[in-house]
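Colleague: Next comes the structure file target_37.pdb, holding PDB, C-alpha atoms.
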ATOM      1  CA  MET G   1       0.000   0.000   0.000
ATOM      2  CA  PRO G   2       1.437   3.436  -0.865
ATOM      3  CA  GLU G   3       2.551   5.370   2.206
ATOM      4  CA  LEU G   4       2.855   9.104   2.806
ATOM      5  CA  PRO G   5       5.740   9.807   0.361
ATOM      6  CA  GLU G   6       4.180   7.738  -2.438
ATOM      7  CA  VAL G   7       0.741   9.355  -2.114
ATOM      8  CA  GLU G   8       2.316  12.810  -1.813
ATOM      9  CA  THR G   9       4.165  12.177  -5.080
ATOM     10  CA  ILE G  10       0.994  11.146  -6.915
ATOM     11  CA  VAL G  11      -0.874  14.209  -5.606
ATOM     12  CA  GLY G  12       1.917  16.517  -6.743
ATOM     13  CA  GLY G  13       1.836  15.010 -10.219
ATOM     14  CA  LEU G  14      -1.920  15.357 -10.646
ATOM     15  CA  LYS G  15      -2.153  18.943  -9.433
ATOM     16  CA  GLY G  16      -0.640  20.484 -12.536
ATOM     17  CA  PHE G  17      -3.144  18.779 -14.825
ATOM     18  CA  LEU G  18      -6.436  18.613 -12.929
ATOM     19  CA  ILE G  19      -6.800  21.871 -11.007
ATOM     20  CA  GLY G  20      -9.155  24.232 -12.814
ATOM     21  CA  GLN G  21     -10.857  21.541 -14.873
ATOM     22  CA  LYS G  22     -14.467  20.513 -14.436
ATOM     23  CA  ILE G  23     -15.805  16.980 -14.225
ATOM     24  CA  SER G  24     -17.974  16.642 -17.323
ATOM     25  CA  SER G  25     -19.255  13.096 -16.788
ATOM     26  CA  ILE G  26     -18.447   9.799 -15.100
ATOM     27  CA  LYS G  27     -18.527   6.297 -16.538
ATOM     28  CA  PHE G  28     -18.759   3.354 -14.162
ATOM     29  CA  LEU G  29     -17.298   0.004 -15.136
ATOM     30  CA  ASP G  30     -17.503  -1.188 -11.529
ATOM     31  CA  ARG G  31     -20.060   0.774  -9.513
ATOM     32  CA  LYS G  32     -19.012  -0.905  -6.251
ATOM     33  CA  ARG G  33     -15.749   1.064  -6.227
ATOM     34  CA  PHE G  34     -17.733   4.318  -5.972
ATOM     35  CA  VAL G  35     -19.622   5.434  -2.869
ATOM     36  CA  GLY G  36     -21.883   8.471  -3.076
ATOM     37  CA  ASP G  37     -23.997  10.491  -5.480
ATOM     38  CA  GLU G  38     -22.146  11.239  -8.704
ATOM     39  CA  LYS G  39     -24.624  14.035  -9.512
ATOM     40  CA  LYS G  40     -23.039  16.105  -6.756
ATOM     41  CA  ILE G  41     -19.678  16.256  -8.538
ATOM     42  CA  ILE G  42     -20.604  16.386 -12.250
ATOM     43  CA  GLY G  43     -20.116  19.887 -13.625
ATOM     44  CA  GLN G  44     -17.989  20.956 -10.663
ATOM     45  CA  LYS G  45     -14.563  22.586 -10.935
ATOM     46  CA  ILE G  46     -11.523  21.050  -9.251
ATOM     47  CA  LEU G  47     -10.070  23.605  -6.831
ATOM     48  CA  ASP G  48      -7.317  21.625  -5.159
ATOM     49  CA  ILE G  49      -5.825  18.175  -4.664
ATOM     50  CA  LYS G  50      -4.278  17.235  -1.347
ATOM     51  CA  ARG G  51      -3.143  14.278   0.688
ATOM     52  CA  ARG G  52      -4.394  13.313   4.141
ATOM     53  CA  ALA G  53      -2.718  10.237   5.601
ATOM     54  CA  LYS G  54      -2.782   7.790   2.663
ATOM     55  CA  LEU G  55      -5.839   9.385   1.014
ATOM     56  CA  ILE G  56      -6.023  11.535  -2.116
ATOM     57  CA  ILE G  57      -8.627  14.279  -1.701
ATOM     58  CA  ILE G  58      -9.861  16.196  -4.751
ATOM     59  CA  LYS G  59     -11.663  19.332  -3.558
ATOM     60  CA  LEU G  60     -14.493  20.719  -5.704
ATOM     61  CA  GLU G  61     -16.041  24.180  -5.828
ATOM     62  CA  ASN G  62     -19.403  23.160  -4.296
ATOM     63  CA  ASN G  63     -17.947  21.951  -0.980
ATOM     64  CA  GLN G  64     -17.855  18.376  -2.253
ATOM     65  CA  ASN G  65     -14.770  16.183  -2.372
ATOM     66  CA  ILE G  66     -13.663  13.064  -4.206
ATOM     67  CA  VAL G  67     -11.789  10.958  -1.665
ATOM     68  CA  ILE G  68      -9.626   8.211  -3.164
ATOM     69  CA  HIS G  69      -7.926   5.378  -1.307
ATOM     70  CA  LEU G  70      -5.701   3.403  -3.699
ATOM     71  CA  LYS G  71      -4.984   0.669  -1.145
ATOM     72  CA  MET G  72      -3.018  -2.300  -2.509
ATOM     73  CA  THR G  73      -3.543  -2.173  -6.285
ATOM     74  CA  GLY G  74      -5.190   1.146  -7.134
ATOM     75  CA  GLN G  75      -3.970   3.278 -10.046
ATOM     76  CA  LEU G  76      -4.754   6.798 -11.232
ATOM     77  CA  ILE G  77      -4.039   7.610 -14.870
ATOM     78  CA  PHE G  78      -4.619  11.027 -16.428
ATOM     79  CA  LYS G  79      -4.571  11.204 -20.206
ATOM     80  CA  ASP G  80      -5.257  13.896 -22.774
ATOM     81  CA  LYS G  81      -4.020  14.523 -26.334
ATOM     82  CA  THR G  82      -0.483  15.392 -25.278
ATOM     83  CA  HIS G  83       0.042  14.057 -21.757
ATOM     84  CA  ARG G  84      -0.169  10.800 -19.891
ATOM     85  CA  ILE G  85       0.679  10.648 -16.204
ATOM     86  CA  ALA G  86       0.034   7.760 -13.878
ATOM     87  CA  GLY G  87       0.773   6.508 -10.401
ATOM     88  CA  GLY G  88       0.035   3.617  -8.092
ATOM     89  CA  HIS G  89       0.305  -0.121  -8.429
ATOM     90  CA  GLN G  90       2.942  -1.242 -10.909
ATOM     91  CA  SER G  91       0.937  -3.794 -12.868
ATOM     92  CA  ARG G  92       0.986  -3.846 -16.662
ATOM     93  CA  GLU G  93      -2.363  -2.050 -16.775
ATOM     94  CA  LEU G  94      -0.599   1.104 -15.630
ATOM     95  CA  PHE G  95       1.376   1.236 -18.854
ATOM     96  CA  ILE G  96      -0.979  -0.120 -21.530
ATOM     97  CA  GLU G  97      -3.815   1.717 -23.229
ATOM     98  CA  VAL G  98      -6.743   2.797 -21.071
ATOM     99  CA  PRO G  99      -9.469   1.853 -20.506
ATOM    100  CA  ASN G 100      -8.418  -1.756 -19.987
ATOM    101  CA  ILE G 101      -9.564  -4.849 -18.117
ATOM    102  CA  HIS G 102      -8.869  -3.314 -14.705
ATOM    103  CA  THR G 103     -10.350   0.145 -15.344
ATOM    104  CA  ARG G 104     -13.195   0.669 -12.861
ATOM    105  CA  ILE G 105     -14.166   4.342 -13.201
ATOM    106  CA  ILE G 106     -13.546   7.023 -15.849
ATOM    107  CA  PHE G 107     -13.858  10.761 -15.145
ATOM    108  CA  ASP G 108     -14.314  12.910 -18.276
ATOM    109  CA  LEU G 109     -12.809  16.375 -17.817
ATOM    110  CA  SER G 110     -13.705  19.705 -19.388
ATOM    111  CA  GLY G 111     -10.282  20.108 -20.991
ATOM    112  CA  GLY G 112     -10.793  16.994 -23.074
ATOM    113  CA  GLY G 113      -8.731  14.662 -20.915
ATOM    114  CA  LYS G 114      -9.815  11.743 -18.771
ATOM    115  CA  LEU G 115      -8.891  10.462 -15.318
ATOM    116  CA  PHE G 116      -8.957   6.668 -15.132
ATOM    117  CA  TYR G 117      -9.189   4.709 -11.900
ATOM    118  CA  ASN G 118      -7.844   1.162 -12.218
ATOM    119  CA  ASP G 119      -7.857  -1.464  -9.481
ATOM    120  CA  LEU G 120      -6.509  -4.970  -9.953
ATOM    121  CA  ILE G 121      -8.019  -6.674  -6.899
ATOM    122  CA  ARG G 122     -10.746  -4.104  -6.162
ATOM    123  CA  TYR G 123      -9.746  -3.085  -2.644
ATOM    124  CA  GLY G 124      -9.629   0.648  -3.268
ATOM    125  CA  THR G 125     -12.526   3.070  -2.982
ATOM    126  CA  ILE G 126     -13.687   6.432  -4.298
ATOM    127  CA  ARG G 127     -16.092   8.343  -2.065
ATOM    128  CA  VAL G 128     -18.008  11.594  -2.465
ATOM    129  CA  LEU G 129     -17.978  13.563   0.781
ATOM    130  CA  LYS G 130     -18.862  17.111   1.800
ATOM    131  CA  ASP G 131     -16.206  19.311   3.403
ATOM    132  CA  ASP G 132     -17.564  18.731   6.904
ATOM    133  CA  GLU G 133     -17.729  14.979   6.289
ATOM    134  CA  VAL G 134     -14.101  14.961   5.192
ATOM    135  CA  ASP G 135     -13.125  16.922   8.298
ATOM    136  CA  LYS G 136     -15.072  14.583  10.554
ATOM    137  CA  MET G 137     -13.630  11.478   8.906
ATOM    138  CA  THR G 138     -10.018  12.640   8.885
ATOM    139  CA  LYS G 139     -10.140  13.886  12.465
ATOM    140  CA  GLY G 140     -11.860  10.733  13.653
ATOM    141  CA  GLU G 141      -9.802   8.159  11.772
ATOM    142  CA  PHE G 142      -6.339   9.704  11.592
ATOM    143  CA  GLY G 143      -3.797  11.135  13.956
ATOM    144  CA  PRO G 144      -1.720  14.230  13.174
ATOM    145  CA  GLU G 145       0.355  14.501  10.033
ATOM    146  CA  PRO G 146       4.075  13.906  10.670
ATOM    147  CA  PHE G 147       5.030  17.297   9.202
ATOM    148  CA  SER G 148       2.396  19.215  11.163
ATOM    149  CA  ASP G 149       2.828  21.295  14.319
ATOM    150  CA  GLU G 150       0.584  18.826  16.155
ATOM    151  CA  PHE G 151       3.126  16.066  15.684
ATOM    152  CA  ASN G 152       6.064  16.818  17.951
ATOM    153  CA  LYS G 153       8.288  15.093  20.500
ATOM    154  CA  GLU G 154       5.795  15.704  23.275
ATOM    155  CA  TYR G 155       2.993  14.097  21.296
ATOM    156  CA  LEU G 156       5.124  11.075  20.405
ATOM    157  CA  SER G 157       6.066  10.660  24.068
ATOM    158  CA  MET G 158       2.440  10.920  25.102
ATOM    159  CA  ILE G 159       1.154   8.227  22.738
ATOM    160  CA  ALA G 160       4.073   5.960  23.619
ATOM    161  CA  GLN G 161       3.218   6.172  27.318
ATOM    162  CA  LYS G 162      -0.527   5.940  26.742
ATOM    163  CA  ASN G 163      -0.192   2.695  24.770
ATOM    164  CA  LYS G 164       2.098   0.905  27.231
ATOM    165  CA  SER G 165       1.242  -2.627  26.113
ATOM    166  CA  SER G 166       2.029  -1.997  22.433
ATOM    167  CA  ASN G 167       5.409  -2.373  20.783
ATOM    168  CA  ILE G 168       6.802   0.820  19.322
ATOM    169  CA  LYS G 169       6.453  -0.281  15.709
ATOM    170  CA  LYS G 170       2.723  -0.807  16.196
ATOM    171  CA  ILE G 171       2.452   2.762  17.518
ATOM    172  CA  LEU G 172       4.169   4.178  14.434
ATOM    173  CA  MET G 173       1.884   2.291  12.050
ATOM    174  CA  ASP G 174      -1.395   3.040  13.820
ATOM    175  CA  GLN G 175      -3.091   5.555  11.515
ATOM    176  CA  ALA G 176      -5.281   6.761  14.367
ATOM    177  CA  LEU G 177      -2.119   7.884  16.164
ATOM    178  CA  ILE G 178       0.151   9.041  13.313
ATOM    179  CA  ALA G 179      -1.127   9.579   9.764
ATOM    180  CA  GLY G 180       0.645   8.188   6.739
ATOM    181  CA  VAL G 181       3.465   6.098   8.223
ATOM    182  CA  GLY G 182       3.352   2.480   7.052
ATOM    183  CA  ASN G 183       5.586  -0.552   7.211
ATOM    184  CA  ILE G 184       8.454   0.732   5.081
ATOM    185  CA  TYR G 185       9.051   4.019   6.855
ATOM    186  CA  ALA G 186       8.397   2.591  10.336
ATOM    187  CA  ASN G 187      11.206   0.062   9.747
ATOM    188  CA  GLU G 188      13.577   2.720   8.455
ATOM    189  CA  ALA G 189      12.809   5.235  11.204
ATOM    190  CA  LEU G 190      13.351   2.687  13.965
ATOM    191  CA  TYR G 191      16.689   1.738  12.421
ATOM    192  CA  LEU G 192      17.808   5.356  12.202
ATOM    193  CA  ALA G 193      16.841   5.839  15.854
ATOM    194  CA  GLY G 194      18.620   2.632  16.948
ATOM    195  CA  ILE G 195      15.468   1.182  18.527
ATOM    196  CA  ASP G 196      14.385  -2.461  18.420
ATOM    197  CA  PRO G 197      10.904  -2.502  16.817
ATOM    198  CA  SER G 198       9.612  -5.071  19.318
ATOM    199  CA  ARG G 199      10.301  -2.933  22.385
ATOM    200  CA  LYS G 200       7.334  -1.837  24.448
ATOM    201  CA  SER G 201       6.609   1.791  23.667
ATOM    202  CA  ALA G 202       6.572   2.779  27.334
ATOM    203  CA  SER G 203      10.176   1.587  27.741
ATOM    204  CA  LEU G 204      11.595   4.343  25.551
ATOM    205  CA  SER G 205      13.522   7.091  27.283
ATOM    206  CA  GLU G 206      12.978  10.748  26.439
ATOM    207  CA  GLY G 207      16.255  10.692  24.562
ATOM    208  CA  GLU G 208      15.087   7.751  22.474
ATOM    209  CA  ILE G 209      11.755   9.461  21.829
ATOM    210  CA  SER G 210      13.630  12.513  20.574
ATOM    211  CA  SER G 211      15.820  10.386  18.298
ATOM    212  CA  LEU G 212      12.789   8.517  16.961
ATOM    213  CA  TYR G 213      10.883  11.737  16.263
ATOM    214  CA  ASN G 214      13.787  13.051  14.211
ATOM    215  CA  ALA G 215      14.174   9.695  12.449
ATOM    216  CA  ILE G 216      10.509   9.610  11.418
ATOM    217  CA  LEU G 217      10.811  13.021   9.781
ATOM    218  CA  GLN G 218      14.171  12.153   8.228
ATOM    219  CA  SER G 219      12.924   8.948   6.599
ATOM    220  CA  LEU G 220       9.702  10.511   5.333
ATOM    221  CA  LYS G 221      11.448  13.599   3.926
ATOM    222  CA  LEU G 222      13.905  11.381   2.072
ATOM    223  CA  GLY G 223      10.989   9.287   0.789
ATOM    224  CA  VAL G 224       9.257  12.388  -0.588
ATOM    225  CA  LYS G 225      12.509  13.632  -2.149
ATOM    226  CA  GLN G 226      13.045  10.263  -3.865
ATOM    227  CA  GLN G 227       9.389  10.173  -5.013
ATOM    228  CA  GLY G 228       8.566   7.094  -2.991
ATOM    229  CA  ALA G 229       9.828   3.548  -2.828
ATOM    230  CA  SER G 230       9.323   0.979  -5.589
ATOM    231  CA  ILE G 231       9.722  -2.480  -4.107
ATOM    232  CA  ARG G 232       7.152  -4.526  -5.981
ATOM    233  CA  ASN G 233       4.188  -2.475  -7.068
ATOM    234  CA  TYR G 234       4.517   1.319  -6.930
ATOM    235  CA  VAL G 235       5.464   3.843  -9.580
ATOM    236  CA  ASN G 236       5.276   7.620  -9.370
ATOM    237  CA  HIS G 237       3.078  10.016 -11.324
ATOM    238  CA  GLU G 238       5.351   9.728 -14.368
ATOM    239  CA  GLY G 239       4.982   5.963 -14.432
ATOM    240  CA  LYS G 240       8.563   5.604 -13.226
ATOM    241  CA  LYS G 241       9.883   3.810 -10.189
ATOM    242  CA  GLY G 242      10.558   5.854  -7.098
ATOM    243  CA  THR G 243      14.137   5.608  -5.834
ATOM    244  CA  MET G 244      13.735   5.484  -2.059
ATOM    245  CA  GLN G 245      14.548   1.752  -2.143
ATOM    246  CA  ASN G 246      18.105   2.691  -3.089
ATOM    247  CA  TYR G 247      18.457   4.344   0.318
ATOM    248  CA  PHE G 248      16.974   1.619   2.503
ATOM    249  CA  LYS G 249      19.051   0.655   5.504
ATOM    250  CA  VAL G 250      17.071  -2.391   6.633
ATOM    251  CA  TYR G 251      13.739  -2.725   4.844
ATOM    252  CA  ASP G 252      13.650  -5.751   2.519
ATOM    253  CA  LYS G 253      17.312  -6.503   3.332
ATOM    254  CA  ALA G 254      17.004  -9.664   5.429
ATOM    255  CA  GLY G 255      20.318 -11.551   5.536
ATOM    256  CA  GLN G 256      22.269  -8.636   4.096
ATOM    257  CA  LYS G 257      24.999  -6.750   5.908
ATOM    258  CA  CYS G 258      24.083  -3.672   7.890
ATOM    259  CA  ASP G 259      26.417  -0.654   7.761
ATOM    260  CA  CYS G 260      27.787  -1.819  11.117
ATOM    261  CA  GLY G 261      28.792  -5.198   9.669
ATOM    262  CA  GLY G 262      26.003  -7.157  11.358
ATOM    263  CA  LEU G 263      23.224  -8.944   9.501
ATOM    264  CA  VAL G 264      19.738  -7.562   9.004
ATOM    265  CA  LYS G 265      17.094  -9.840  10.453
ATOM    266  CA  LYS G 266      13.456 -10.282   9.476
ATOM    267  CA  ILE G 267      10.744 -11.163  11.979
ATOM    268  CA  GLN G 268       6.953 -11.086  11.992
ATOM    269  CA  LEU G 269       5.613  -8.349  14.244
ATOM    270  CA  ASN G 270       1.978  -7.282  14.425
ATOM    271  CA  GLY G 271       1.372  -9.504  11.408
ATOM    272  CA  ARG G 272       3.862  -7.612   9.239
ATOM    273  CA  GLY G 273       7.345  -8.382   7.999
ATOM    274  CA  THR G 274       9.731  -6.386  10.171
ATOM    275  CA  TYR G 275      13.383  -5.694   9.394
ATOM    276  CA  TYR G 276      16.025  -4.586  11.884
ATOM    277  CA  CYS G 277      19.658  -4.965  12.849
ATOM    278  CA  PRO G 278      20.055  -6.682  16.236
ATOM    279  CA  ALA G 279      23.533  -5.172  16.571
ATOM    280  CA  CYS G 280      22.383  -1.576  15.998
ATOM    281  CA  GLN G 281      18.891  -1.581  17.466
ATOM    282  CA  SER G 282      18.336  -2.244  21.138
TER     283      SER G 282
END
Will you turn the file into structure tokens for me?
Modeller:
Amino acid sequence: MPELPEVETIVGGLKGFLIGQKISSIKFLDRKRFVGDEKKIIGQKILDIKRRAKLIIIKLENNQNIVIHLKMTGQLIFKDKTHRIAGGHQSRELFIEVPNIHTRIIFDLSGGGKLFYNDLIRYGTIRVLKDDEVDKMTKGEFGPEPFSDEFNKEYLSMIAQKNKSSNIKKILMDQALIAGVGNIYANEALYLAGIDPSRKSASLSEGEISSLYNAILQSLKLGVKQQGASIRNYVNHEGKKGTMQNYFKVYDKAGQKCDCGGLVKKIQLNGRGTYYCPACQS
């Protein structure tokens, strides 16, 4: 599933092509992927596109929003006479002509282009929500954004102490506590901070909390700069692989040497593959 840097990259790519255009019509090839009344968004101008957690939110002029969650295999492809940009799951459907077998929804735009939503295994969703519904949902389901003022060392310390029975990696990946951090960047941040991912969150000292806070921001900023990580199924808005994987310290490196000379180990933690260096992380 794309994490904060990957979704941020897709949003940045779409902004230059979609803002200012109106949604002329919508064609459904799989109505179950769409939740809401399409009449509320047809004819409406796109004012902005933003990311919240792992969601893509397309804001319209009538206080309505198109909220997209790509999940595991979602793709967004914009195409007009001269441009084609795409992002999401790296299956062949991302690169071949659209619509194709996995195209679920097509948005016709006033400028003559189209926005295609593809989904291989049909886990993703597109919802129509009013501004207040978006606010209620995002405040209720997601914690603060890592780059926001609300996310600071004091907040990280507070949630670590409040969730005493949880391991620290689980805290980092809980979207209700911190928005947008997933498995990749949780692994990398814990490595950078020198913290064993299986440690109980309440066991961290204030110094370790400070190091982890800085490591979270460091790993996410690098992920955004490198336009996300392409391990198996993500490409950026240009249909190219992100390059964050070239900077991984531990993620997906089980059995390989750490910078310290030790070997990276993989364990299952909270039902997810977890990578760390026993020599560096304690």
Colleague: Selection in question (the file shown): the PyMOL selection byres ((chain G and resi 153) around 7). Which residues does it include, as a list in words?
Modeller: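 Taken on the displayed file, the PyMOL selection byres ((chain G and resi 153) around 7) yields the residues Asn152, Glu154, Tyr155, Leu156, Ser157, Ile209, Ser210 and Tyr213 of chain G.
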Colleague: Quick check, in Å to one decimal: how far apart do atom CA of G:Gln90 and atom CA of G:Phe28 lie?
Modeller: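 Here the two named atoms are 22.4 Å from each other.
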Colleague: Quick one: distance from atom CA of G:Gly12 to atom CA of G:Gly87 in Å, one decimal?
Modeller: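 Distance between the two atoms: 10.7 Å.
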Colleague: Can you give me, as JSON, numbers by chain, the residues this file yields under the PyMOL selection byres ((chain G and resi 266) around 12)?
Modeller: {"G": [187, 196, 197, 198, 250, 251, 252, 253, 254, 255, 256, 263, 264, 265, 267, 268, 269, 272, 273, 274, 275, 276, 277, 278]}
Colleague: Compile the contact shell of G:Ile184 as a PyMOL selection string: residues with an atom at most 12 Å away, counting all atoms listed in the file, same-chain residues fewer than 6 positions apart removed.
Modeller: chain G and resi 1-6+169+172-173+190-191+216+219-220+223+228-231+244-245+247-253+272-276
Colleague: Going by the chain IDs and residue numbers used in this file, which residues fall under the PyMOL selection byres ((chain G and resi 147) around 10)? Write them as a short mmCIF file (atom, residue, chain, number, x, y, z; two decimals) with C-alpha atoms, in the frame of the given file.
Modeller:
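Written out: expr.cif:
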data_model
loop_
_atom_site.label_atom_id
_atom_site.label_comp_id
_atom_site.auth_asym_id
_atom_site.auth_seq_id
_atom_site.Cartn_x
_atom_site.Cartn_y
_atom_site.Cartn_z
CA PRO G 144 -1.72 14.23 13.17
CA GLU G 145 0.36 14.50 10.03
CA PRO G 146 4.08 13.91 10.67
CA SER G 148 2.40 19.22 11.16
CA ASP G 149 2.83 21.30 14.32
CA GLU G 150 0.58 18.83 16.16
CA PHE G 151 3.13 16.07 15.68
CA ASN G 152 6.06 16.82 17.95
CA ALA G 179 -1.13 9.58 9.76
CA ILE G 216 10.51 9.61 11.42
CA LEU G 217 10.81 13.02 9.78
CA LEU G 220 9.70 10.51 5.33
CA LYS G 221 11.45 13.60 3.93
#
